[in-house]
>>> print(open('entry.txt').read())   # compact mmCIF, C-alpha atoms
# COMPACT_ATOMS: atom_id res chain seq x y z
CA MET A 1 -32.57 -23.11 -10.08
CA ASP A 2 -32.38 -23.86 -6.36
CA ILE A 3 -29.25 -24.87 -4.44
CA THR A 4 -30.18 -28.56 -4.22
CA GLU A 5 -30.63 -28.91 -7.98
CA ALA A 6 -27.42 -27.03 -8.78
CA VAL A 7 -25.37 -29.03 -6.28
CA LYS A 8 -26.80 -32.32 -7.56
CA GLN A 9 -25.47 -31.63 -11.06
CA ILE A 10 -22.01 -30.87 -9.68
CA ALA A 11 -21.88 -33.78 -7.20
CA GLU A 12 -22.74 -36.25 -9.98
CA ALA A 13 -19.84 -35.03 -12.13
CA ASP A 14 -16.30 -36.42 -12.00
CA ILE A 15 -15.12 -33.65 -9.68
CA GLU A 16 -11.44 -32.67 -9.55
CA LYS A 17 -11.75 -29.80 -7.07
CA LEU A 18 -14.34 -27.57 -5.39
CA ILE A 19 -13.81 -24.31 -3.49
CA LEU A 20 -16.54 -22.86 -1.25
CA SER A 21 -15.82 -19.26 -0.28
CA ASN A 22 -17.28 -15.85 0.67
CA PRO A 23 -18.60 -16.57 4.20
CA LYS A 24 -22.13 -15.25 4.74
CA SER A 25 -21.30 -13.73 8.12
CA LYS A 26 -18.49 -13.17 10.61
CA ASP A 27 -19.87 -16.07 12.67
CA VAL A 28 -18.79 -18.63 10.06
CA PRO A 29 -15.78 -20.34 11.69
CA TYR A 30 -13.89 -21.11 8.46
CA GLN A 31 -12.91 -18.68 5.70
CA LYS A 32 -13.27 -21.30 2.98
CA MET A 33 -13.58 -25.02 2.32
CA THR A 34 -12.03 -27.10 -0.46
CA VAL A 35 -13.14 -30.53 -1.69
CA ARG A 36 -10.87 -33.00 -3.48
CA PRO A 37 -11.31 -36.66 -4.49
CA LEU A 38 -8.98 -39.31 -3.12
CA LEU A 39 -8.61 -43.08 -2.74
CA ILE A 40 -8.36 -44.75 0.64
CA GLN A 41 -7.69 -48.47 0.42
CA LYS A 42 -9.04 -48.41 -3.17
CA GLN A 43 -12.28 -46.80 -2.03
CA LYS A 44 -13.28 -43.43 -3.49
CA MET A 45 -13.71 -40.69 -0.88
CA TYR A 46 -13.76 -36.91 -0.76
CA GLN A 47 -11.47 -34.86 1.45
CA LEU A 48 -12.92 -31.70 2.96
CA GLU A 49 -10.35 -29.13 4.04
CA ARG A 50 -11.61 -26.17 6.08
CA PHE A 51 -9.38 -23.12 6.54
CA THR A 52 -9.12 -20.53 9.29
CA GLU A 53 -6.63 -17.68 8.90
CA ARG A 54 -3.78 -19.83 10.25
CA GLN A 55 -4.95 -23.46 10.29
CA ALA A 56 -6.50 -26.13 8.10
CA PHE A 57 -8.72 -29.01 9.27
CA GLN A 58 -9.32 -32.12 7.17
CA GLU A 59 -12.22 -34.57 7.08
CA ASN A 60 -12.93 -37.46 4.71
CA ILE A 61 -16.49 -38.26 3.62
CA GLU A 62 -18.11 -40.86 1.38
CA PRO A 63 -19.40 -39.82 -2.08
CA ALA A 64 -23.01 -40.36 -0.99
CA ALA A 65 -22.63 -37.58 1.60
CA LEU A 66 -21.07 -34.99 -0.72
CA ALA A 67 -24.26 -33.37 -2.03
CA GLN A 68 -25.74 -33.00 1.45
CA VAL A 69 -22.57 -31.38 2.80
CA LEU A 70 -22.42 -28.94 -0.12
CA VAL A 71 -26.08 -27.96 0.15
CA GLN A 72 -25.82 -27.38 3.90
CA SER A 73 -22.60 -25.38 3.52
CA LEU A 74 -24.12 -23.12 0.84
CA GLN A 75 -27.33 -22.64 2.79
CA GLU A 76 -25.66 -21.78 6.08
CA GLU A 77 -22.04 -20.72 5.53
CA TYR A 78 -20.83 -19.77 2.05
CA SER A 79 -22.24 -17.76 -0.83
CA GLN A 80 -19.98 -19.00 -3.63
CA LEU A 81 -18.81 -22.30 -5.09
CA ASP A 82 -16.21 -22.77 -7.82
CA GLY A 83 -15.77 -26.26 -9.24
CA TRP A 84 -13.76 -28.14 -11.82
CA SER A 85 -14.32 -31.57 -13.37
CA HIS A 86 -12.76 -33.35 -16.33
CA LYS A 87 -15.58 -32.15 -18.59
CA ALA A 88 -16.68 -28.74 -17.29
CA ASN A 89 -16.20 -25.82 -14.90
CA TYR A 90 -18.97 -24.90 -12.45
CA TRP A 91 -19.96 -21.76 -10.59
CA ILE A 92 -22.63 -21.08 -7.97
CA LYS A 93 -23.27 -17.62 -6.54
CA ILE A 94 -25.91 -16.82 -3.92
CA SER A 95 -27.03 -13.21 -3.62
CA LYS A 96 -27.74 -11.50 -0.30
CA LYS A 97 -31.45 -11.98 -1.01
CA GLY A 98 -30.92 -15.72 -1.44
CA LYS A 99 -31.17 -15.89 -5.23
CA VAL A 100 -29.11 -18.71 -6.70
CA PHE A 101 -27.05 -18.16 -9.87
CA TYR A 102 -25.59 -21.24 -11.55
CA LYS A 103 -23.22 -21.58 -14.50
CA GLU A 104 -21.72 -24.63 -16.16
CA LYS A 105 -19.11 -24.26 -18.91
CA LYS A 106 -18.22 -27.34 -20.89
CA LYS A 107 -14.56 -27.81 -21.77
CA LYS A 108 -13.67 -27.88 -25.44
CA GLU A 109 -11.95 -31.21 -25.06
CA ALA A 110 -12.59 -33.40 -22.05
CA ASP A 111 -9.44 -34.07 -20.11
CA ALA A 112 -8.29 -37.65 -20.07
CA PRO A 113 -9.45 -39.29 -16.82
CA GLN A 114 -6.75 -39.18 -14.16
CA GLU A 115 -6.19 -41.52 -11.28
CA LEU A 116 -7.67 -40.19 -8.03
CA ALA A 117 -5.29 -38.65 -5.55
CA GLN A 118 -3.70 -41.10 -3.14
CA GLN A 119 -3.78 -40.09 0.52
CA ASN A 120 -0.30 -38.80 1.52
CA ARG A 121 1.13 -40.11 -1.74
CA LYS A 122 -0.20 -38.54 -4.91
CA LYS A 123 -1.81 -35.16 -5.42
CA GLN A 124 -3.54 -33.61 -8.40
CA TYR A 125 -1.85 -30.38 -9.46
CA LEU A 126 -3.24 -27.49 -11.47
CA LEU A 127 -0.21 -27.71 -13.77
CA ASP A 128 -0.42 -31.16 -15.31
CA ALA A 129 3.10 -32.46 -15.92
CA ALA A 130 1.74 -34.88 -18.55
CA GLU A 131 1.00 -31.90 -20.80
CA ALA A 132 4.70 -30.92 -20.61
CA PRO A 133 4.18 -27.14 -20.16
CA ARG A 134 6.99 -25.52 -22.11
CA PRO A 135 8.20 -23.23 -19.28
CA LEU A 136 8.53 -26.24 -16.94
CA VAL A 137 10.34 -28.26 -19.61
CA ASP A 138 12.84 -25.46 -20.23
CA LEU A 139 13.34 -25.13 -16.47
CA GLY A 140 14.30 -28.78 -16.30
CA VAL A 141 11.40 -29.53 -13.93
CA VAL A 142 9.42 -31.64 -16.41
CA THR A 143 10.70 -33.79 -19.28
CA LYS A 144 9.45 -33.46 -22.85
CA GLU A 145 7.63 -36.74 -22.24
CA GLY A 146 5.61 -35.14 -19.45
CA LYS A 147 7.34 -36.65 -16.42
CA VAL A 148 8.44 -34.70 -13.36
CA VAL A 149 12.22 -34.91 -12.90
CA ALA A 150 12.75 -36.70 -9.58
CA SER A 151 15.31 -34.21 -8.26
CA LYS A 152 12.98 -31.31 -9.17
CA TYR A 153 9.80 -32.63 -7.55
CA ASP A 154 10.02 -30.14 -4.66
CA LYS A 155 10.33 -27.31 -7.17
CA TYR A 156 7.32 -28.69 -9.07
CA LYS A 157 5.28 -28.66 -5.84
CA GLN A 158 6.37 -25.11 -5.01
CA ILE A 159 5.40 -23.82 -8.45
CA ASN A 160 2.01 -25.49 -8.20
CA ARG A 161 1.49 -24.06 -4.71
CA PHE A 162 2.10 -20.58 -6.13
CA ILE A 163 -0.36 -21.17 -8.96
CA GLU A 164 -2.96 -22.56 -6.54
CA MET A 165 -2.80 -19.50 -4.28
CA ILE A 166 -3.34 -17.18 -7.22
CA ASP A 167 -5.97 -19.38 -8.84
CA GLU A 168 -8.08 -19.38 -5.68
CA GLY A 169 -8.63 -15.63 -6.10
CA ILE A 170 -9.62 -15.76 -9.77
CA GLY A 171 -13.24 -16.79 -10.18
CA PRO A 172 -14.63 -18.47 -13.31
CA GLU A 173 -16.34 -15.22 -14.32
CA ILE A 174 -12.98 -13.54 -15.02
CA LYS A 175 -12.17 -13.60 -18.73
CA GLN A 176 -9.44 -10.95 -18.88
CA ILE A 177 -6.79 -9.81 -16.40
CA ASN A 178 -3.92 -7.29 -16.30
CA ILE A 179 -0.91 -8.07 -14.11
CA ILE A 180 2.29 -6.30 -13.04
CA ASP A 181 5.17 -8.43 -11.72
CA PHE A 182 7.56 -6.21 -9.74
CA GLY A 183 11.17 -7.38 -9.47
CA CYS A 184 10.50 -10.24 -11.86
CA GLY A 185 14.14 -11.37 -12.19
CA LYS A 186 14.52 -14.35 -14.51
CA SER A 187 10.73 -14.69 -14.42
CA TYR A 188 10.27 -18.46 -14.41
CA LEU A 189 7.14 -18.09 -12.27
CA THR A 190 5.90 -15.30 -14.55
CA PHE A 191 6.13 -17.56 -17.59
CA VAL A 192 4.45 -20.42 -15.75
CA LEU A 193 1.62 -18.19 -14.51
CA TYR A 194 1.05 -16.75 -17.99
CA HIS A 195 0.90 -20.29 -19.39
CA TYR A 196 -1.61 -21.35 -16.75
CA LEU A 197 -3.89 -18.33 -17.19
CA THR A 198 -3.93 -18.35 -20.98
CA GLN A 199 -3.61 -22.05 -21.82
CA VAL A 200 -5.33 -23.78 -18.89
CA ARG A 201 -7.84 -21.18 -17.69
CA GLN A 202 -8.31 -19.67 -21.18
CA ILE A 203 -8.12 -16.14 -19.74
CA LYS A 204 -6.88 -13.26 -21.87
CA ALA A 205 -3.92 -12.01 -19.84
CA GLN A 206 -1.76 -8.92 -20.24
CA MET A 207 1.34 -9.09 -18.06
CA VAL A 208 4.36 -6.83 -17.56
CA GLY A 209 7.47 -7.93 -15.71
CA LEU A 210 9.63 -5.14 -14.28
CA ASP A 211 13.26 -5.40 -13.20
CA LEU A 212 16.40 -3.25 -13.03
CA LYS A 213 18.70 -5.65 -14.92
CA ALA A 214 18.64 -4.81 -18.62
CA ASP A 215 20.32 -8.05 -19.74
CA VAL A 216 17.81 -10.16 -17.82
CA ILE A 217 14.88 -8.21 -19.27
CA GLU A 218 16.23 -8.64 -22.79
CA THR A 219 16.51 -12.40 -22.30
CA CYS A 220 12.98 -12.60 -20.87
CA ASN A 221 11.51 -10.74 -23.83
CA GLN A 222 13.30 -13.10 -26.21
CA ILE A 223 11.86 -16.10 -24.40
CA ALA A 224 8.34 -14.62 -24.43
CA GLU A 225 8.65 -14.05 -28.17
CA ARG A 226 9.93 -17.58 -28.71
CA TYR A 227 6.99 -19.01 -26.76
CA GLY A 228 4.53 -16.86 -28.68
CA TYR A 229 3.32 -15.19 -25.46
CA ASP A 230 1.98 -12.03 -27.09
CA GLY A 231 0.45 -10.67 -23.88
CA LEU A 232 3.65 -10.97 -21.84
CA HIS A 233 6.23 -8.17 -21.95
CA PHE A 234 9.22 -7.19 -19.80
CA GLU A 235 10.54 -3.71 -19.05
CA VAL A 236 13.59 -2.21 -17.38
CA GLY A 237 12.51 0.06 -14.57
CA ASN A 238 12.31 0.88 -10.88
CA ILE A 239 9.33 -0.10 -8.74
CA GLU A 240 9.34 3.37 -7.17
CA GLY A 241 7.41 5.74 -9.37
CA TYR A 242 6.48 3.16 -12.01
CA THR A 243 3.49 4.10 -14.17
CA PRO A 244 1.55 1.20 -15.74
CA HIS A 245 0.22 1.24 -19.30
CA PHE A 246 -3.11 -0.31 -18.34
CA SER A 247 -5.53 -0.65 -15.45
CA VAL A 248 -3.90 -3.12 -13.04
CA ASP A 249 -5.97 -6.03 -11.69
CA MET A 250 -3.15 -7.85 -9.90
CA VAL A 251 0.28 -7.00 -8.52
CA ILE A 252 2.89 -9.69 -7.87
CA SER A 253 6.09 -9.00 -5.95
CA LEU A 254 8.30 -12.01 -5.28
CA HIS A 255 11.45 -11.44 -3.22
CA ALA A 256 11.63 -7.69 -3.85
CA CYS A 257 14.45 -6.72 -1.51
CA ASP A 258 13.77 -4.79 1.73
CA THR A 259 11.71 -1.62 1.13
CA ALA A 260 11.17 -2.44 -2.57
CA THR A 261 8.31 -4.59 -1.29
CA ASP A 262 6.79 -1.51 0.36
CA PHE A 263 6.90 0.45 -2.88
CA ALA A 264 5.24 -2.46 -4.69
CA LEU A 265 2.46 -2.60 -2.08
CA TYR A 266 2.07 1.17 -2.15
CA ASN A 267 1.72 1.22 -5.94
CA ALA A 268 -0.90 -1.51 -5.77
CA VAL A 269 -2.90 0.42 -3.18
CA GLN A 270 -2.70 3.66 -5.20
CA TRP A 271 -3.96 1.85 -8.30
CA LYS A 272 -6.79 0.24 -6.27
CA THR A 273 -5.51 -3.12 -7.45
CA ALA A 274 -7.96 -5.93 -6.70
CA ARG A 275 -5.37 -8.60 -5.81
CA ILE A 276 -1.86 -8.42 -4.34
CA TYR A 277 0.59 -11.31 -3.89
CA SER A 278 3.88 -10.44 -2.24
CA VAL A 279 6.74 -12.56 -0.88
CA PRO A 280 9.03 -10.17 1.07
CA CYS A 281 12.80 -10.56 1.16
CA CYS A 282 15.83 -9.17 3.04
CA GLN A 283 13.89 -7.07 5.55
CA HIS A 284 16.50 -4.85 7.21
CA GLU A 285 14.71 -1.53 7.65
CA LEU A 286 13.04 -2.07 11.04
CA CYS A 287 15.94 -4.12 12.37
CA HIS A 288 18.18 -1.04 11.97
CA GLN A 289 15.58 1.21 13.61
CA MET A 290 14.79 -0.93 16.66
CA LYS A 291 16.62 -0.26 19.90
CA ARG A 292 18.64 -3.13 21.29
CA GLN A 293 16.25 -3.91 24.16
CA SER A 294 12.99 -2.50 22.79
CA ALA A 295 11.43 -5.98 22.95
CA GLY A 296 13.42 -7.55 25.77
CA SER A 297 15.15 -10.81 24.92
CA LEU A 298 13.79 -10.73 21.37
CA THR A 299 16.04 -7.80 20.53
CA GLU A 300 18.94 -8.59 22.87
CA TYR A 301 20.44 -11.11 20.46
CA GLY A 302 21.25 -10.19 16.88
CA LEU A 303 19.76 -13.24 15.20
CA LEU A 304 16.50 -13.04 17.17
CA LYS A 305 16.30 -9.30 16.63
CA GLU A 306 16.60 -9.76 12.87
CA ARG A 307 13.89 -12.42 12.76
CA PHE A 308 11.57 -10.50 15.07
CA ALA A 309 12.01 -7.35 12.98
CA ALA A 310 11.08 -9.31 9.83
CA LEU A 311 7.91 -10.64 11.48
CA LEU A 312 7.02 -7.18 12.76
CA THR A 313 7.58 -5.73 9.28
CA ASP A 314 5.09 -8.11 7.70
CA ALA A 315 2.58 -7.76 10.54
CA LEU A 316 2.62 -3.99 10.04
CA ARG A 317 2.29 -4.40 6.27
CA ALA A 318 -0.73 -6.63 6.79
CA ASP A 319 -2.41 -4.11 9.13
CA LEU A 320 -1.63 -1.20 6.82
CA LEU A 321 -3.18 -3.04 3.87
CA ARG A 322 -6.23 -3.82 6.01
CA ALA A 323 -6.40 -0.14 6.86
CA GLN A 324 -6.67 0.55 3.12
CA GLY A 325 -9.68 -1.76 2.71
CA TYR A 326 -8.03 -5.07 1.88
CA GLN A 327 -8.71 -8.52 3.26
CA VAL A 328 -5.26 -9.86 4.11
CA ASP A 329 -3.89 -13.37 4.66
CA LEU A 330 -0.32 -14.32 5.60
CA LEU A 331 0.38 -17.73 4.09
CA GLU A 332 3.21 -20.23 3.95
CA PHE A 333 4.58 -20.01 0.43
CA VAL A 334 6.92 -23.03 0.51
CA ASP A 335 7.97 -25.44 3.24
CA MET A 336 10.43 -23.92 5.73
CA GLU A 337 12.90 -26.71 4.98
CA HIS A 338 13.31 -25.36 1.43
CA SER A 339 13.52 -21.64 2.16
CA PRO A 340 13.29 -19.41 5.25
CA LYS A 341 11.74 -16.70 3.03
CA ASN A 342 8.47 -18.52 2.88
CA LEU A 343 5.81 -16.00 3.86
CA LEU A 344 3.37 -14.70 1.27
CA ILE A 345 1.13 -11.68 1.78
CA ARG A 346 -2.17 -12.12 -0.05
CA ALA A 347 -4.43 -9.08 -0.12
CA VAL A 348 -7.83 -8.85 -1.83
CA LYS A 349 -9.57 -5.51 -2.22
CA LYS A 350 -12.92 -5.36 -0.48
CA LYS A 351 -15.91 -3.59 -2.00
CA GLU A 352 -15.69 0.18 -1.93
CA SER A 353 -18.67 0.23 0.43
CA ALA A 354 -16.57 -1.56 3.06
CA GLY A 355 -14.42 1.56 3.48
CA LYS A 356 -11.09 1.81 5.27
CA ASN A 357 -10.28 0.03 8.52
CA ASN A 358 -9.30 2.63 11.12
CA HIS A 359 -8.82 -0.02 13.80
CA ALA A 360 -6.11 -1.71 11.72
CA LYS A 361 -4.33 1.63 11.25
CA GLU A 362 -4.50 2.37 14.98
CA ARG A 363 -3.14 -1.08 15.81
CA ALA A 364 -0.23 -0.58 13.41
CA GLU A 365 0.52 2.84 14.92
CA ALA A 366 0.45 1.38 18.44
CA ALA A 367 3.02 -1.25 17.46
CA MET A 368 5.16 1.37 15.72
CA ALA A 369 5.16 3.50 18.86
CA ALA A 370 5.91 0.54 21.12
CA TYR A 371 9.00 -0.48 19.14
CA GLN A 372 9.91 3.03 17.92
CA VAL A 373 9.90 2.20 14.22
CA MET A 374 8.64 3.91 11.07
CA PRO A 375 8.10 1.49 8.15
CA THR A 376 8.34 2.80 4.61
CA LEU A 377 4.84 1.64 3.70
CA TYR A 378 3.30 3.79 6.45
CA ARG A 379 5.31 6.81 5.37
CA LEU A 380 4.26 6.34 1.73
CA LEU A 381 0.59 5.93 2.58
CA TYR A 382 0.20 8.69 5.11
CA GLU A 383 2.98 11.28 4.75
CA GLU A 384 0.90 13.36 2.30
CA ASP A 385 -2.00 13.43 4.78
CA GLU A 386 0.28 14.67 7.53
CA LYS A 387 1.73 17.56 5.55
>>> encode(input="entry.txt", output="structure tokens")
Amino acid sequence: MDITEAVKQIAEADIEKLILSNPKSKDVPYQKMTVRPLLIQKQKMYQLERFTERQAFQENIEPAALAQVLVQSLQEEYSQLDGWSHKANYWIKISKKGKVFYKEKKKKEADAPQELAQQNRKKQYLLDAAEAPRPLVDLGVVTKEGKVVASKYDKYKQINRFIEMIDEGIGPEIKQINIIDFGCGKSYLTFVLYHYLTQVRQIKAQMVGLDLKADVIETCNQIAERYGYDGLHFEVGNIEGYTPHFSVDMVISLHACDTATDFALYNAVQWKTARIYSVPCCQHELCHQMKRQSAGSLTEYGLLKERFAALLTDALRADLLRAQGYQVDLLEFVDMEHSPKNLLIRAVKKKESAGKNNHAKERAEAAMAAYQVMPTLYRLLYEEDEK
């Protein structure tokens, strides 16, 4: 099947979302492009959203132009397309030699047609409130009747944003996944993610949540048993030195305090984990190490010094992960107005043939020398080599 024929079948479906990814070369200006339906003055349109590392650019096109845009994008820019409609999931993969692979998987039961997204008003979410997902109902975010509680709408958006960021890295070919959630706490996002993977995506998931609080872990295990989540288990333990019971495909670390994030990242690297999602928290280590005027005005004032140290910490973490052969993005997790701890580190393991990135390591070391700091992640990754 050629690209034109494959795209035609997808473009004629009642598309909910498309993701074009895996740029064919470094010259491609955007890392990925998403396509969503919307209504503008009662007229059906499609919104194209193209992403660089730090920005997103939107463009609206008419349905008649969709197939042409997709064909051109797959011929010139991207080698993969993932798509979802009310009746099926779609997948296109183009090999380096130009061979086109196409899959279409019909859904067991076609979703009830939903109203198209309204520009700046209504958005389609991966977690459909109308289905009243049990974790969201128990959280008080969604009613048993499938309505989002008005006062919890921001929380509903944040949860969906988290699911979207993880979903983007899980292709339709993945049928089974093993996940460790470090510092899981009360685990509401863990329960929601497990629900999405197993109930919506129909993926066989094995997940372990780890935390130091025994009473919290006991409660989480009781909830998992009550929900019938057989693949979800919680353990009492420390991130440092933790040994998993299975091969780990994904590591999640949400708000692990200070250097606990570094131990979570280090473990993921040691296990050659394919995907890492980390939201750092309470980053004091470098702030204590930095001299008062090591960065001029940025370190002269306590508040600015603290914020600058947090940014430097995550910049170094990103470079150190790149040095270990990961593709790294720093993303906004939630709107700043809801939480200042809104940065998410997303790291995806490149193919083994890509090797390690010495330039990224050298850049991290240059910054460390300039500000006279030694982050825990660097020490964990390289102290054995230096002995």
>>> atom_distance(input="entry.txt", atom1="atom CA of Arg275 of chain A", atom2="atom CA of Leu18 of chain A")
21.0 Å
>>> residues_around(input="entry.txt", residues="Ala205 of chain A", least_positions_apart="4", cutoff="9 Å", atoms="only C-alpha atoms", output="MDAnalysis selection string")
chainID A and resid 175:179 194 197:198 231:232
>>> atom_distance(input="entry.txt", atom1="atom CA of Glu5 of chain A", atom2="atom CA of Lys93 of chain A")
13.6 Å
>>> closest_residue(input="entry.txt", among="A:Arg322, A:Lys186, A:Lys26, A:Lys147", to="Ala364 of chain A", atoms="all atoms listed in the file")
A:Arg322
>>> residues_around(input="entry.txt", residues="segment 159-162 of chain A", least_positions_apart="3", cutoff="8 Å", atoms="all atoms listed in the file", output="PyMOL selection string")
chain A and resi 125-127+155-156+165-166+189+333-334
>>> atom_distance(input="entry.txt", atom1="atom CA of Glu53 of chain A", atom2="atom CA of Gln372 of chain A")
28.0 Å
>>> residues_near_point(input="entry.txt", point="(-27.9, -20.6, -2.5)", cutoff="10 Å", atoms="all atoms listed in the file", output="PDB file with C-alpha atoms, keeping the file's coordinate frame")
ATOM      1  CA  MET A   1     -32.570 -23.110 -10.080  1.00  0.00           C
ATOM      2  CA  ASP A   2     -32.380 -23.860  -6.360  1.00  0.00           C
ATOM      3  CA  ILE A   3     -29.250 -24.870  -4.440  1.00  0.00           C
ATOM      4  CA  THR A   4     -30.180 -28.560  -4.220  1.00  0.00           C
ATOM      5  CA  ALA A   6     -27.420 -27.030  -8.780  1.00  0.00           C
ATOM      6  CA  VAL A   7     -25.370 -29.030  -6.280  1.00  0.00           C
ATOM      7  CA  VAL A  71     -26.080 -27.960   0.150  1.00  0.00           C
ATOM      8  CA  GLN A  72     -25.820 -27.380   3.900  1.00  0.00           C
ATOM      9  CA  SER A  73     -22.600 -25.380   3.520  1.00  0.00           C
ATOM     10  CA  LEU A  74     -24.120 -23.120   0.840  1.00  0.00           C
ATOM     11  CA  GLN A  75     -27.330 -22.640   2.790  1.00  0.00           C
ATOM     12  CA  GLU A  76     -25.660 -21.780   6.080  1.00  0.00           C
ATOM     13  CA  GLU A  77     -22.040 -20.720   5.530  1.00  0.00           C
ATOM     14  CA  TYR A  78     -20.830 -19.770   2.050  1.00  0.00           C
ATOM     15  CA  SER A  79     -22.240 -17.760  -0.830  1.00  0.00           C
ATOM     16  CA  GLN A  80     -19.980 -19.000  -3.630  1.00  0.00           C
ATOM     17  CA  LEU A  81     -18.810 -22.300  -5.090  1.00  0.00           C
ATOM     18  CA  ILE A  92     -22.630 -21.080  -7.970  1.00  0.00           C
ATOM     19  CA  LYS A  93     -23.270 -17.620  -6.540  1.00  0.00           C
ATOM     20  CA  ILE A  94     -25.910 -16.820  -3.920  1.00  0.00           C
ATOM     21  CA  SER A  95     -27.030 -13.210  -3.620  1.00  0.00           C
ATOM     22  CA  LYS A  96     -27.740 -11.500  -0.300  1.00  0.00           C
ATOM     23  CA  LYS A  97     -31.450 -11.980  -1.010  1.00  0.00           C
ATOM     24  CA  GLY A  98     -30.920 -15.720  -1.440  1.00  0.00           C
ATOM     25  CA  LYS A  99     -31.170 -15.890  -5.230  1.00  0.00           C
ATOM     26  CA  VAL A 100     -29.110 -18.710  -6.700  1.00  0.00           C
ATOM     27  CA  PHE A 101     -27.050 -18.160  -9.870  1.00  0.00           C
ATOM     28  CA  TYR A 102     -25.590 -21.240 -11.550  1.00  0.00           C
TER      29      TYR A 102
END
>>> residues_around(input="entry.txt", residues="Gly241 of chain A", least_positions_apart="6", cutoff="10 Å", atoms="all atoms listed in the file", output="list in words")
Phe263, Ala264 and Asn267 of chain A
>>> axis_aligned_box(input="entry.txt", around="segment 33-38 of chain A", padding_each_side="8 Å", output="JSON")
{"center_x": -11.3, "center_y": -32.2, "center_z": -1.1, "size_x": 20.6, "size_y": 30.3, "size_z": 22.8}
>>> closest_residue(input="entry.txt", among="A:Trp271, A:Tyr371, A:Tyr90, A:Tyr229", to="Gln9 of chain A", atoms="all atoms listed in the file")
A:Tyr90
>>> residues_around(input="entry.txt", residues="segment 293-301 of chain A", least_positions_apart="6", cutoff="9 Å", atoms="all atoms listed in the file", output="ChimeraX atom specification")
/A:287,307-309,370-372
>>> write_last_selection(input="entry.txt", atoms="C-alpha atoms", output="CSV table (one decimal), in the coordinates of the input")
chain,number,residue,atom,x,y,z
A,287,CYS,CA,15.9,-4.1,12.4
A,307,ARG,CA,13.9,-12.4,12.8
A,308,PHE,CA,11.6,-10.5,15.1
A,309,ALA,CA,12.0,-7.4,13.0
A,370,ALA,CA,5.9,0.5,21.1
A,371,TYR,CA,9.0,-0.5,19.1
A,372,GLN,CA,9.9,3.0,17.9
>>> build_atoms(input="entry.txt", residues="segment 68-82 of chain A", atoms="N, CA and C atoms", output="PDB file, in the frame of the given file")
ATOM      1  N   GLN A  68     -25.138 -33.530   0.224  1.00  0.00           N
ATOM      2  CA  GLN A  68     -25.740 -33.000   1.450  1.00  0.00           C
ATOM      3  C   GLN A  68     -24.829 -31.990   2.130  1.00  0.00           C
ATOM      4  N   VAL A  69     -23.533 -32.297   2.179  1.00  0.00           N
ATOM      5  CA  VAL A  69     -22.570 -31.380   2.800  1.00  0.00           C
ATOM      6  C   VAL A  69     -22.508 -30.063   2.029  1.00  0.00           C
ATOM      7  N   LEU A  70     -22.502 -30.149   0.698  1.00  0.00           N
ATOM      8  CA  LEU A  70     -22.420 -28.940  -0.120  1.00  0.00           C
ATOM      9  C   LEU A  70     -23.669 -28.073   0.036  1.00  0.00           C
ATOM     10  N   VAL A  71     -24.828 -28.703   0.005  1.00  0.00           N
ATOM     11  CA  VAL A  71     -26.080 -27.960   0.150  1.00  0.00           C
ATOM     12  C   VAL A  71     -26.121 -27.241   1.504  1.00  0.00           C
ATOM     13  N   GLN A  72     -25.793 -27.964   2.564  1.00  0.00           N
ATOM     14  CA  GLN A  72     -25.820 -27.380   3.900  1.00  0.00           C
ATOM     15  C   GLN A  72     -24.824 -26.227   4.022  1.00  0.00           C
ATOM     16  N   SER A  73     -23.622 -26.412   3.449  1.00  0.00           N
ATOM     17  CA  SER A  73     -22.600 -25.380   3.520  1.00  0.00           C
ATOM     18  C   SER A  73     -23.026 -24.116   2.773  1.00  0.00           C
ATOM     19  N   LEU A  74     -23.677 -24.277   1.609  1.00  0.00           N
ATOM     20  CA  LEU A  74     -24.120 -23.120   0.840  1.00  0.00           C
ATOM     21  C   LEU A  74     -25.344 -22.453   1.460  1.00  0.00           C
ATOM     22  N   GLN A  75     -26.162 -23.220   2.128  1.00  0.00           N
ATOM     23  CA  GLN A  75     -27.330 -22.640   2.790  1.00  0.00           C
ATOM     24  C   GLN A  75     -26.954 -21.855   4.045  1.00  0.00           C
ATOM     25  N   GLU A  76     -25.940 -22.339   4.769  1.00  0.00           N
ATOM     26  CA  GLU A  76     -25.660 -21.780   6.080  1.00  0.00           C
ATOM     27  C   GLU A  76     -24.356 -20.973   6.170  1.00  0.00           C
ATOM     28  N   GLU A  77     -23.369 -21.288   5.303  1.00  0.00           N
ATOM     29  CA  GLU A  77     -22.040 -20.720   5.530  1.00  0.00           C
ATOM     30  C   GLU A  77     -21.482 -19.886   4.385  1.00  0.00           C
ATOM     31  N   TYR A  78     -21.542 -20.401   3.160  1.00  0.00           N
ATOM     32  CA  TYR A  78     -20.830 -19.770   2.050  1.00  0.00           C
ATOM     33  C   TYR A  78     -21.797 -19.322   0.950  1.00  0.00           C
ATOM     34  N   SER A  79     -21.391 -18.285   0.236  1.00  0.00           N
ATOM     35  CA  SER A  79     -22.240 -17.760  -0.830  1.00  0.00           C
ATOM     36  C   SER A  79     -21.666 -17.994  -2.224  1.00  0.00           C
ATOM     37  N   GLN A  80     -20.551 -18.733  -2.316  1.00  0.00           N
ATOM     38  CA  GLN A  80     -19.980 -19.000  -3.630  1.00  0.00           C
ATOM     39  C   GLN A  80     -19.331 -20.367  -3.680  1.00  0.00           C
ATOM     40  N   LEU A  81     -19.482 -21.026  -4.832  1.00  0.00           N
ATOM     41  CA  LEU A  81     -18.810 -22.300  -5.090  1.00  0.00           C
ATOM     42  C   LEU A  81     -18.183 -22.238  -6.467  1.00  0.00           C
ATOM     43  N   ASP A  82     -16.909 -22.605  -6.548  1.00  0.00           N
ATOM     44  CA  ASP A  82     -16.210 -22.770  -7.820  1.00  0.00           C
ATOM     45  C   ASP A  82     -15.803 -24.227  -7.933  1.00  0.00           C
TER      46      ASP A  82
END
